[in-house]
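For reference, run10.cif is printed below; it contains mmCIF, all heavy atoms.
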data_protein
loop_
_atom_site.label_atom_id
_atom_site.label_comp_id
_atom_site.auth_asym_id
_atom_site.auth_seq_id
_atom_site.Cartn_x
_atom_site.Cartn_y
_atom_site.Cartn_z
N MET A 1 -60.60 -141.52 137.94
CA MET A 1 -61.49 -142.50 137.29
C MET A 1 -62.02 -141.92 135.99
O MET A 1 -62.72 -140.91 135.99
CB MET A 1 -62.68 -142.82 138.21
CG MET A 1 -62.29 -143.45 139.54
SD MET A 1 -61.69 -145.12 139.40
CE MET A 1 -63.25 -146.02 139.23
N GLY A 2 -61.69 -142.57 134.88
CA GLY A 2 -62.22 -142.12 133.61
C GLY A 2 -63.53 -142.82 133.29
O GLY A 2 -64.03 -143.61 134.09
N ASP A 3 -64.08 -142.49 132.16
CA ASP A 3 -65.30 -143.16 131.72
C ASP A 3 -64.92 -144.48 131.06
O ASP A 3 -63.99 -144.53 130.27
CB ASP A 3 -66.05 -142.27 130.71
CG ASP A 3 -66.53 -140.98 131.35
OD1 ASP A 3 -66.93 -141.04 132.53
OD2 ASP A 3 -66.49 -139.94 130.69
N ALA A 4 -65.65 -145.52 131.37
CA ALA A 4 -65.36 -146.84 130.81
C ALA A 4 -65.51 -146.80 129.29
O ALA A 4 -66.40 -146.15 128.75
CB ALA A 4 -66.28 -147.88 131.41
N LYS A 5 -64.58 -147.51 128.63
CA LYS A 5 -64.58 -147.53 127.17
C LYS A 5 -64.44 -148.98 126.69
O LYS A 5 -63.89 -149.83 127.40
CB LYS A 5 -63.41 -146.73 126.60
CG LYS A 5 -63.46 -145.24 126.87
CD LYS A 5 -64.51 -144.57 126.01
CE LYS A 5 -64.67 -143.09 126.31
NZ LYS A 5 -63.48 -142.32 126.01
N VAL A 6 -64.94 -149.24 125.49
CA VAL A 6 -64.75 -150.54 124.87
C VAL A 6 -64.22 -150.34 123.45
O VAL A 6 -64.49 -149.33 122.80
CB VAL A 6 -66.06 -151.37 124.80
CG1 VAL A 6 -66.56 -151.69 126.19
CG2 VAL A 6 -67.12 -150.67 123.99
N ILE A 7 -63.44 -151.31 123.01
CA ILE A 7 -63.00 -151.37 121.61
C ILE A 7 -63.39 -152.74 121.08
O ILE A 7 -63.04 -153.75 121.66
CB ILE A 7 -61.47 -151.16 121.49
CG1 ILE A 7 -61.11 -149.71 121.81
CG2 ILE A 7 -60.99 -151.53 120.08
CD1 ILE A 7 -59.62 -149.44 121.82
N GLN A 8 -64.14 -152.73 119.98
CA GLN A 8 -64.54 -153.98 119.34
C GLN A 8 -63.51 -154.31 118.27
O GLN A 8 -63.40 -153.61 117.27
CB GLN A 8 -65.92 -153.81 118.70
CG GLN A 8 -66.45 -155.07 118.03
CD GLN A 8 -66.95 -156.09 119.04
OE1 GLN A 8 -67.78 -155.78 119.87
NE2 GLN A 8 -66.43 -157.30 118.97
N CYS A 9 -62.74 -155.36 118.50
CA CYS A 9 -61.75 -155.77 117.51
C CYS A 9 -62.47 -156.41 116.32
O CYS A 9 -63.49 -157.08 116.51
CB CYS A 9 -60.78 -156.76 118.15
SG CYS A 9 -59.46 -157.24 117.03
N PRO A 10 -61.94 -156.21 115.10
CA PRO A 10 -62.55 -156.84 113.93
C PRO A 10 -62.66 -158.36 114.05
O PRO A 10 -63.51 -158.98 113.40
CB PRO A 10 -61.60 -156.46 112.79
CG PRO A 10 -60.99 -155.18 113.24
CD PRO A 10 -60.84 -155.31 114.74
N CYS A 11 -61.84 -158.98 114.89
CA CYS A 11 -61.89 -160.44 115.07
C CYS A 11 -63.06 -160.85 115.94
O CYS A 11 -63.32 -162.04 116.10
CB CYS A 11 -60.57 -160.96 115.64
SG CYS A 11 -60.35 -160.69 117.41
N GLY A 12 -63.75 -159.88 116.55
CA GLY A 12 -64.90 -160.21 117.37
C GLY A 12 -64.64 -160.07 118.86
O GLY A 12 -65.57 -160.12 119.66
N PHE A 13 -63.36 -159.90 119.21
CA PHE A 13 -63.01 -159.76 120.62
C PHE A 13 -63.33 -158.35 121.09
O PHE A 13 -63.13 -157.39 120.35
CB PHE A 13 -61.51 -160.05 120.78
CG PHE A 13 -61.12 -160.46 122.17
CD1 PHE A 13 -61.23 -161.77 122.59
CD2 PHE A 13 -60.63 -159.52 123.06
CE1 PHE A 13 -60.87 -162.14 123.86
CE2 PHE A 13 -60.25 -159.88 124.34
CZ PHE A 13 -60.38 -161.19 124.75
N THR A 14 -63.84 -158.21 122.29
CA THR A 14 -64.13 -156.89 122.85
C THR A 14 -63.14 -156.58 123.97
O THR A 14 -63.00 -157.35 124.91
CB THR A 14 -65.56 -156.84 123.41
OG1 THR A 14 -66.48 -157.14 122.37
CG2 THR A 14 -65.88 -155.44 123.94
N LEU A 15 -62.44 -155.45 123.82
CA LEU A 15 -61.51 -154.98 124.83
C LEU A 15 -62.22 -153.95 125.69
O LEU A 15 -62.94 -153.10 125.16
CB LEU A 15 -60.27 -154.33 124.20
CG LEU A 15 -59.31 -155.19 123.39
CD1 LEU A 15 -59.00 -156.51 124.06
CD2 LEU A 15 -59.81 -155.41 121.99
N ARG A 16 -61.99 -154.01 126.98
CA ARG A 16 -62.62 -153.06 127.90
C ARG A 16 -61.57 -152.38 128.77
O ARG A 16 -60.55 -152.98 129.10
CB ARG A 16 -63.61 -153.80 128.82
CG ARG A 16 -64.74 -154.44 128.06
CD ARG A 16 -65.57 -155.35 128.96
NE ARG A 16 -66.51 -156.13 128.16
CZ ARG A 16 -67.67 -155.64 127.73
NH1 ARG A 16 -68.03 -154.42 128.06
NH2 ARG A 16 -68.46 -156.36 126.98
N GLY A 17 -61.84 -151.13 129.13
CA GLY A 17 -60.94 -150.43 130.02
C GLY A 17 -61.70 -149.39 130.82
O GLY A 17 -62.78 -148.96 130.42
N ALA A 18 -61.11 -148.99 131.93
CA ALA A 18 -61.75 -148.00 132.80
C ALA A 18 -61.66 -146.59 132.22
O ALA A 18 -62.33 -145.68 132.67
CB ALA A 18 -61.14 -148.03 134.18
N GLY A 19 -60.83 -146.41 131.20
CA GLY A 19 -60.68 -145.11 130.56
C GLY A 19 -59.93 -145.28 129.25
O GLY A 19 -59.57 -146.40 128.86
N ASP A 20 -59.69 -144.16 128.56
CA ASP A 20 -59.02 -144.21 127.26
C ASP A 20 -57.69 -144.94 127.34
O ASP A 20 -57.41 -145.84 126.54
CB ASP A 20 -58.79 -142.80 126.73
CG ASP A 20 -60.06 -142.15 126.21
OD1 ASP A 20 -61.06 -142.87 126.01
OD2 ASP A 20 -60.05 -140.93 126.01
N ALA A 21 -56.85 -144.54 128.29
CA ALA A 21 -55.50 -145.10 128.37
C ALA A 21 -55.55 -146.61 128.59
O ALA A 21 -54.78 -147.36 127.99
CB ALA A 21 -54.71 -144.43 129.48
N GLU A 22 -56.49 -147.05 129.42
CA GLU A 22 -56.56 -148.47 129.75
C GLU A 22 -57.07 -149.30 128.57
O GLU A 22 -56.52 -150.36 128.26
CB GLU A 22 -57.48 -148.65 130.97
CG GLU A 22 -57.22 -149.93 131.74
CD GLU A 22 -57.96 -149.94 133.06
OE1 GLU A 22 -57.67 -149.09 133.94
OE2 GLU A 22 -58.85 -150.79 133.21
N VAL A 23 -58.09 -148.81 127.89
CA VAL A 23 -58.63 -149.58 126.78
C VAL A 23 -57.66 -149.56 125.59
O VAL A 23 -57.53 -150.55 124.87
CB VAL A 23 -60.05 -149.10 126.38
CG1 VAL A 23 -60.00 -147.81 125.57
CG2 VAL A 23 -60.80 -150.17 125.62
N VAL A 24 -56.94 -148.46 125.42
CA VAL A 24 -55.93 -148.39 124.35
C VAL A 24 -54.82 -149.40 124.63
O VAL A 24 -54.39 -150.15 123.75
CB VAL A 24 -55.36 -146.96 124.22
CG1 VAL A 24 -54.06 -146.96 123.42
CG2 VAL A 24 -56.38 -146.06 123.56
N ALA A 25 -54.37 -149.46 125.89
CA ALA A 25 -53.32 -150.41 126.26
C ALA A 25 -53.80 -151.85 126.06
O ALA A 25 -53.05 -152.70 125.56
CB ALA A 25 -52.89 -150.19 127.71
N ALA A 26 -55.05 -152.11 126.40
CA ALA A 26 -55.60 -153.45 126.24
C ALA A 26 -55.67 -153.82 124.76
O ALA A 26 -55.34 -154.95 124.37
CB ALA A 26 -56.99 -153.54 126.88
N ALA A 27 -56.08 -152.86 123.93
CA ALA A 27 -56.19 -153.12 122.49
C ALA A 27 -54.81 -153.34 121.87
O ALA A 27 -54.64 -154.21 121.01
CB ALA A 27 -56.89 -151.95 121.80
N GLN A 28 -53.84 -152.55 122.31
CA GLN A 28 -52.48 -152.72 121.78
C GLN A 28 -51.92 -154.08 122.17
O GLN A 28 -51.29 -154.76 121.35
CB GLN A 28 -51.57 -151.60 122.28
CG GLN A 28 -51.90 -150.26 121.64
CD GLN A 28 -51.09 -149.12 122.21
OE1 GLN A 28 -50.82 -149.08 123.40
NE2 GLN A 28 -50.72 -148.18 121.36
N ALA A 29 -52.15 -154.50 123.41
CA ALA A 29 -51.67 -155.80 123.87
C ALA A 29 -52.35 -156.93 123.10
O ALA A 29 -51.71 -157.90 122.69
CB ALA A 29 -51.91 -155.96 125.37
N HIS A 30 -53.66 -156.78 122.85
CA HIS A 30 -54.41 -157.78 122.09
C HIS A 30 -53.90 -157.85 120.66
O HIS A 30 -53.68 -158.95 120.14
CB HIS A 30 -55.90 -157.42 122.12
CG HIS A 30 -56.75 -158.23 121.19
ND1 HIS A 30 -57.25 -159.46 121.52
CD2 HIS A 30 -57.16 -157.98 119.92
CE1 HIS A 30 -57.93 -159.94 120.49
NE2 HIS A 30 -57.91 -159.06 119.51
N ALA A 31 -53.73 -156.71 120.03
CA ALA A 31 -53.28 -156.69 118.64
C ALA A 31 -51.91 -157.34 118.50
O ALA A 31 -51.66 -158.09 117.55
CB ALA A 31 -53.22 -155.25 118.12
N ARG A 32 -51.05 -157.08 119.48
CA ARG A 32 -49.69 -157.62 119.44
C ARG A 32 -49.72 -159.14 119.66
O ARG A 32 -49.08 -159.90 118.94
CB ARG A 32 -48.85 -156.93 120.51
CG ARG A 32 -47.37 -157.14 120.38
CD ARG A 32 -46.63 -156.32 121.43
NE ARG A 32 -46.90 -154.89 121.28
CZ ARG A 32 -47.33 -154.09 122.25
NH1 ARG A 32 -47.53 -154.56 123.46
NH2 ARG A 32 -47.55 -152.82 122.02
N ALA A 33 -50.48 -159.56 120.67
CA ALA A 33 -50.48 -160.97 121.06
C ALA A 33 -51.24 -161.85 120.08
O ALA A 33 -50.82 -162.95 119.76
CB ALA A 33 -51.07 -161.11 122.46
N ILE A 34 -52.39 -161.35 119.60
CA ILE A 34 -53.28 -162.18 118.80
C ILE A 34 -53.06 -161.98 117.31
O ILE A 34 -53.14 -162.91 116.52
CB ILE A 34 -54.77 -161.90 119.15
CG1 ILE A 34 -55.00 -162.05 120.65
CG2 ILE A 34 -55.70 -162.79 118.34
CD1 ILE A 34 -54.73 -163.44 121.20
N HIS A 35 -52.78 -160.74 116.90
CA HIS A 35 -52.70 -160.43 115.47
C HIS A 35 -51.30 -160.12 115.00
O HIS A 35 -51.09 -159.85 113.82
CB HIS A 35 -53.64 -159.25 115.16
CG HIS A 35 -55.06 -159.51 115.54
ND1 HIS A 35 -55.86 -160.44 114.94
CD2 HIS A 35 -55.83 -158.96 116.52
CE1 HIS A 35 -57.05 -160.45 115.51
NE2 HIS A 35 -57.06 -159.56 116.48
N ASP A 36 -50.33 -160.10 115.93
CA ASP A 36 -48.95 -159.79 115.59
C ASP A 36 -48.88 -158.45 114.86
O ASP A 36 -48.18 -158.30 113.86
CB ASP A 36 -48.32 -160.90 114.75
CG ASP A 36 -46.80 -160.80 114.72
OD1 ASP A 36 -46.22 -160.22 115.65
OD2 ASP A 36 -46.19 -161.30 113.75
N GLN A 37 -49.66 -157.46 115.35
CA GLN A 37 -49.69 -156.13 114.74
C GLN A 37 -49.44 -155.09 115.81
O GLN A 37 -49.85 -155.25 116.95
CB GLN A 37 -51.07 -155.85 114.13
CG GLN A 37 -51.34 -156.60 112.85
CD GLN A 37 -52.73 -156.29 112.30
OE1 GLN A 37 -53.54 -155.62 112.95
NE2 GLN A 37 -53.01 -156.78 111.11
N GLU A 38 -48.79 -154.00 115.38
CA GLU A 38 -48.62 -152.86 116.27
C GLU A 38 -49.74 -151.86 115.98
O GLU A 38 -49.87 -151.37 114.86
CB GLU A 38 -47.25 -152.20 116.04
CG GLU A 38 -46.09 -153.05 116.53
CD GLU A 38 -46.14 -153.27 118.04
OE1 GLU A 38 -46.59 -152.36 118.78
OE2 GLU A 38 -45.72 -154.35 118.49
N LEU A 39 -50.54 -151.60 116.98
CA LEU A 39 -51.65 -150.66 116.86
C LEU A 39 -51.21 -149.34 117.49
O LEU A 39 -50.76 -149.33 118.64
CB LEU A 39 -52.85 -151.25 117.61
CG LEU A 39 -54.23 -150.63 117.40
CD1 LEU A 39 -54.69 -150.80 115.96
CD2 LEU A 39 -55.23 -151.29 118.34
N SER A 40 -51.36 -148.24 116.75
CA SER A 40 -50.98 -146.95 117.34
C SER A 40 -52.06 -146.49 118.31
O SER A 40 -53.21 -146.95 118.25
CB SER A 40 -50.79 -145.90 116.24
OG SER A 40 -52.05 -145.49 115.75
N SER A 41 -51.69 -145.59 119.21
CA SER A 41 -52.66 -145.05 120.16
C SER A 41 -53.82 -144.38 119.42
O SER A 41 -54.98 -144.52 119.81
CB SER A 41 -51.98 -144.04 121.09
OG SER A 41 -50.99 -144.67 121.86
N ASP A 42 -53.48 -143.64 118.34
CA ASP A 42 -54.52 -142.95 117.59
C ASP A 42 -55.49 -143.94 116.93
O ASP A 42 -56.71 -143.72 116.92
CB ASP A 42 -53.90 -142.07 116.50
CG ASP A 42 -53.28 -140.79 117.07
OD1 ASP A 42 -53.58 -140.49 118.26
OD2 ASP A 42 -52.55 -140.13 116.36
N GLN A 43 -54.93 -145.03 116.38
CA GLN A 43 -55.79 -146.05 115.77
C GLN A 43 -56.72 -146.66 116.81
O GLN A 43 -57.91 -146.84 116.57
CB GLN A 43 -54.93 -147.16 115.14
CG GLN A 43 -54.26 -146.77 113.85
CD GLN A 43 -53.35 -147.88 113.35
OE1 GLN A 43 -52.50 -148.37 114.08
NE2 GLN A 43 -53.54 -148.29 112.12
N ALA A 44 -56.14 -146.99 117.96
CA ALA A 44 -56.94 -147.61 119.02
C ALA A 44 -58.01 -146.64 119.52
O ALA A 44 -59.17 -147.02 119.69
CB ALA A 44 -56.04 -148.05 120.17
N LEU A 45 -57.62 -145.39 119.73
CA LEU A 45 -58.57 -144.38 120.23
C LEU A 45 -59.73 -144.18 119.25
O LEU A 45 -60.87 -143.98 119.65
CB LEU A 45 -57.87 -143.05 120.45
CG LEU A 45 -57.36 -142.75 121.85
CD1 LEU A 45 -56.72 -141.37 121.89
CD2 LEU A 45 -58.47 -142.85 122.87
N SER A 46 -59.43 -144.25 117.95
CA SER A 46 -60.47 -144.02 116.95
C SER A 46 -61.51 -145.14 116.97
O SER A 46 -62.61 -144.97 116.46
CB SER A 46 -59.85 -143.89 115.56
OG SER A 46 -59.42 -145.14 115.07
N MET A 47 -61.14 -146.29 117.55
CA MET A 47 -62.04 -147.43 117.63
C MET A 47 -62.78 -147.49 118.97
O MET A 47 -63.69 -148.29 119.15
CB MET A 47 -61.26 -148.74 117.44
CG MET A 47 -60.59 -148.85 116.08
SD MET A 47 -59.30 -150.13 116.08
CE MET A 47 -60.31 -151.61 116.25
N ALA A 48 -62.37 -146.64 119.92
CA ALA A 48 -62.94 -146.71 121.26
C ALA A 48 -64.35 -146.10 121.28
O ALA A 48 -64.61 -145.08 120.65
CB ALA A 48 -62.05 -145.97 122.25
N ARG A 49 -65.22 -146.75 122.02
CA ARG A 49 -66.61 -146.29 122.19
C ARG A 49 -66.95 -146.30 123.67
O ARG A 49 -66.41 -147.08 124.42
CB ARG A 49 -67.58 -147.23 121.44
CG ARG A 49 -67.33 -147.30 119.95
CD ARG A 49 -67.76 -146.04 119.24
NE ARG A 49 -67.54 -146.13 117.78
CZ ARG A 49 -66.45 -145.67 117.18
NH1 ARG A 49 -65.48 -145.11 117.88
NH2 ARG A 49 -66.31 -145.77 115.89
N PRO A 50 -67.88 -145.46 124.06
CA PRO A 50 -68.33 -145.51 125.46
C PRO A 50 -68.89 -146.89 125.79
O PRO A 50 -69.61 -147.48 124.97
CB PRO A 50 -69.43 -144.45 125.54
CG PRO A 50 -69.17 -143.54 124.39
CD PRO A 50 -68.57 -144.40 123.31
N ALA A 51 -68.56 -147.40 126.97
CA ALA A 51 -69.03 -148.74 127.36
C ALA A 51 -70.51 -148.68 127.75
O ALA A 51 -70.99 -147.65 128.17
CB ALA A 51 -68.20 -149.26 128.50
ZN ZN B 101 -58.61 -159.18 117.59
#
I need this file expressed as structure tokens, please.
Amino acid sequence: MGDAKVIQCPCGFTLRGAGDAEVVAAAQAHARAIHDQELSSDQALSMARPA
């Protein structure tokens, strides 16, 4: 169990995950589905904050 993390997308959507890997995956899926962009793990991690 990791520490819960959130990523606030510039579009206003908030991604949540139980840990770094989960919130990064959620952000990548959101970026791909909603923004048609590929987000790198490093980019996503840099946006992650403690929930
Ligand atoms: Zn977004």
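One finds atom C of Glu38 of chain A at 22.2 Å from atom O of Pro50 of chain A.
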### Query
Distance atom CB of Ser41 of chain A-atom NZ of Lys5 of chain A, one decimal place?
12.6 Å
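Nearest residue to ligand ZN 101 (chain B), choosing from A:Cys9, A:Asp20, A:Ala48, A:Ala29 and counting only C-alpha atoms and all ligand atoms: A:Cys9.
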### Task
Do a neighbour search on Ser40 of chain A at 12 Å with only C-alpha atoms, toss out local chain neighbours closer than 3 positions, and write the hits as a PyMOL selection string.
chain A and resi 24-29+31-32+37+43-47
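Nearest-residue note for Asp3 of chain A: choosing from A:Ala21, A:Leu15, A:Asp36, A:His30, the minimum distance belongs to A:Ala21, counting only C-alpha atoms.
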### Task
Report as JSON, numbers by chain which protein, DNA and RNA residues come within 8 Å of ligand ZN 101 (chain B), using only C-alpha atoms and all ligand atoms.
{"A": [9, 10, 11, 12, 13, 14, 30, 31, 34, 35]}
Taking the backbone alone, and naming residues the way the document does, which bits of chain A are strand (DSSP E or B) by DSSP, as a short mmCIF file (atom, residue, chain, number, x, y, z; two decimals) with all heavy atoms, in the coordinates of the input?
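What ended up in states_15.cif:
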data_model
loop_
_atom_site.label_atom_id
_atom_site.label_comp_id
_atom_site.auth_asym_id
_atom_site.auth_seq_id
_atom_site.Cartn_x
_atom_site.Cartn_y
_atom_site.Cartn_z
N LYS A 5 -64.58 -147.51 128.63
CA LYS A 5 -64.58 -147.53 127.17
C LYS A 5 -64.44 -148.98 126.69
O LYS A 5 -63.89 -149.83 127.40
CB LYS A 5 -63.41 -146.73 126.60
CG LYS A 5 -63.46 -145.24 126.87
CD LYS A 5 -64.51 -144.57 126.01
CE LYS A 5 -64.67 -143.09 126.31
NZ LYS A 5 -63.48 -142.32 126.01
N VAL A 6 -64.94 -149.24 125.49
CA VAL A 6 -64.75 -150.54 124.87
C VAL A 6 -64.22 -150.34 123.45
O VAL A 6 -64.49 -149.33 122.80
CB VAL A 6 -66.06 -151.37 124.80
CG1 VAL A 6 -66.56 -151.69 126.19
CG2 VAL A 6 -67.12 -150.67 123.99
N ILE A 7 -63.44 -151.31 123.01
CA ILE A 7 -63.00 -151.37 121.61
C ILE A 7 -63.39 -152.74 121.08
O ILE A 7 -63.04 -153.75 121.66
CB ILE A 7 -61.47 -151.16 121.49
CG1 ILE A 7 -61.11 -149.71 121.81
CG2 ILE A 7 -60.99 -151.53 120.08
CD1 ILE A 7 -59.62 -149.44 121.82
N GLN A 8 -64.14 -152.73 119.98
CA GLN A 8 -64.54 -153.98 119.34
C GLN A 8 -63.51 -154.31 118.27
O GLN A 8 -63.40 -153.61 117.27
CB GLN A 8 -65.92 -153.81 118.70
CG GLN A 8 -66.45 -155.07 118.03
CD GLN A 8 -66.95 -156.09 119.04
OE1 GLN A 8 -67.78 -155.78 119.87
NE2 GLN A 8 -66.43 -157.30 118.97
N THR A 14 -63.84 -158.21 122.29
CA THR A 14 -64.13 -156.89 122.85
C THR A 14 -63.14 -156.58 123.97
O THR A 14 -63.00 -157.35 124.91
CB THR A 14 -65.56 -156.84 123.41
OG1 THR A 14 -66.48 -157.14 122.37
CG2 THR A 14 -65.88 -155.44 123.94
N LEU A 15 -62.44 -155.45 123.82
CA LEU A 15 -61.51 -154.98 124.83
C LEU A 15 -62.22 -153.95 125.69
O LEU A 15 -62.94 -153.10 125.16
CB LEU A 15 -60.27 -154.33 124.20
CG LEU A 15 -59.31 -155.19 123.39
CD1 LEU A 15 -59.00 -156.51 124.06
CD2 LEU A 15 -59.81 -155.41 121.99
N ARG A 16 -61.99 -154.01 126.98
CA ARG A 16 -62.62 -153.06 127.90
C ARG A 16 -61.57 -152.38 128.77
O ARG A 16 -60.55 -152.98 129.10
CB ARG A 16 -63.61 -153.80 128.82
CG ARG A 16 -64.74 -154.44 128.06
CD ARG A 16 -65.57 -155.35 128.96
NE ARG A 16 -66.51 -156.13 128.16
CZ ARG A 16 -67.67 -155.64 127.73
NH1 ARG A 16 -68.03 -154.42 128.06
NH2 ARG A 16 -68.46 -156.36 126.98
N GLY A 17 -61.84 -151.13 129.13
CA GLY A 17 -60.94 -150.43 130.02
C GLY A 17 -61.70 -149.39 130.82
O GLY A 17 -62.78 -148.96 130.42
N ALA A 48 -62.37 -146.64 119.92
CA ALA A 48 -62.94 -146.71 121.26
C ALA A 48 -64.35 -146.10 121.28
O ALA A 48 -64.61 -145.08 120.65
CB ALA A 48 -62.05 -145.97 122.25
N ARG A 49 -65.22 -146.75 122.02
CA ARG A 49 -66.61 -146.29 122.19
C ARG A 49 -66.95 -146.30 123.67
O ARG A 49 -66.41 -147.08 124.42
CB ARG A 49 -67.58 -147.23 121.44
CG ARG A 49 -67.33 -147.30 119.95
CD ARG A 49 -67.76 -146.04 119.24
NE ARG A 49 -67.54 -146.13 117.78
CZ ARG A 49 -66.45 -145.67 117.18
NH1 ARG A 49 -65.48 -145.11 117.88
NH2 ARG A 49 -66.31 -145.77 115.89
N PRO A 50 -67.88 -145.46 124.06
CA PRO A 50 -68.33 -145.51 125.46
C PRO A 50 -68.89 -146.89 125.79
O PRO A 50 -69.61 -147.48 124.97
CB PRO A 50 -69.43 -144.45 125.54
CG PRO A 50 -69.17 -143.54 124.39
CD PRO A 50 -68.57 -144.40 123.31
#
### Message
For a test of reading the model, state the distance in Å between atom C of Gly19 of chain A and atom CB of Ile7 of chain A, rounded to one decimal.
### Response
9.9 Å
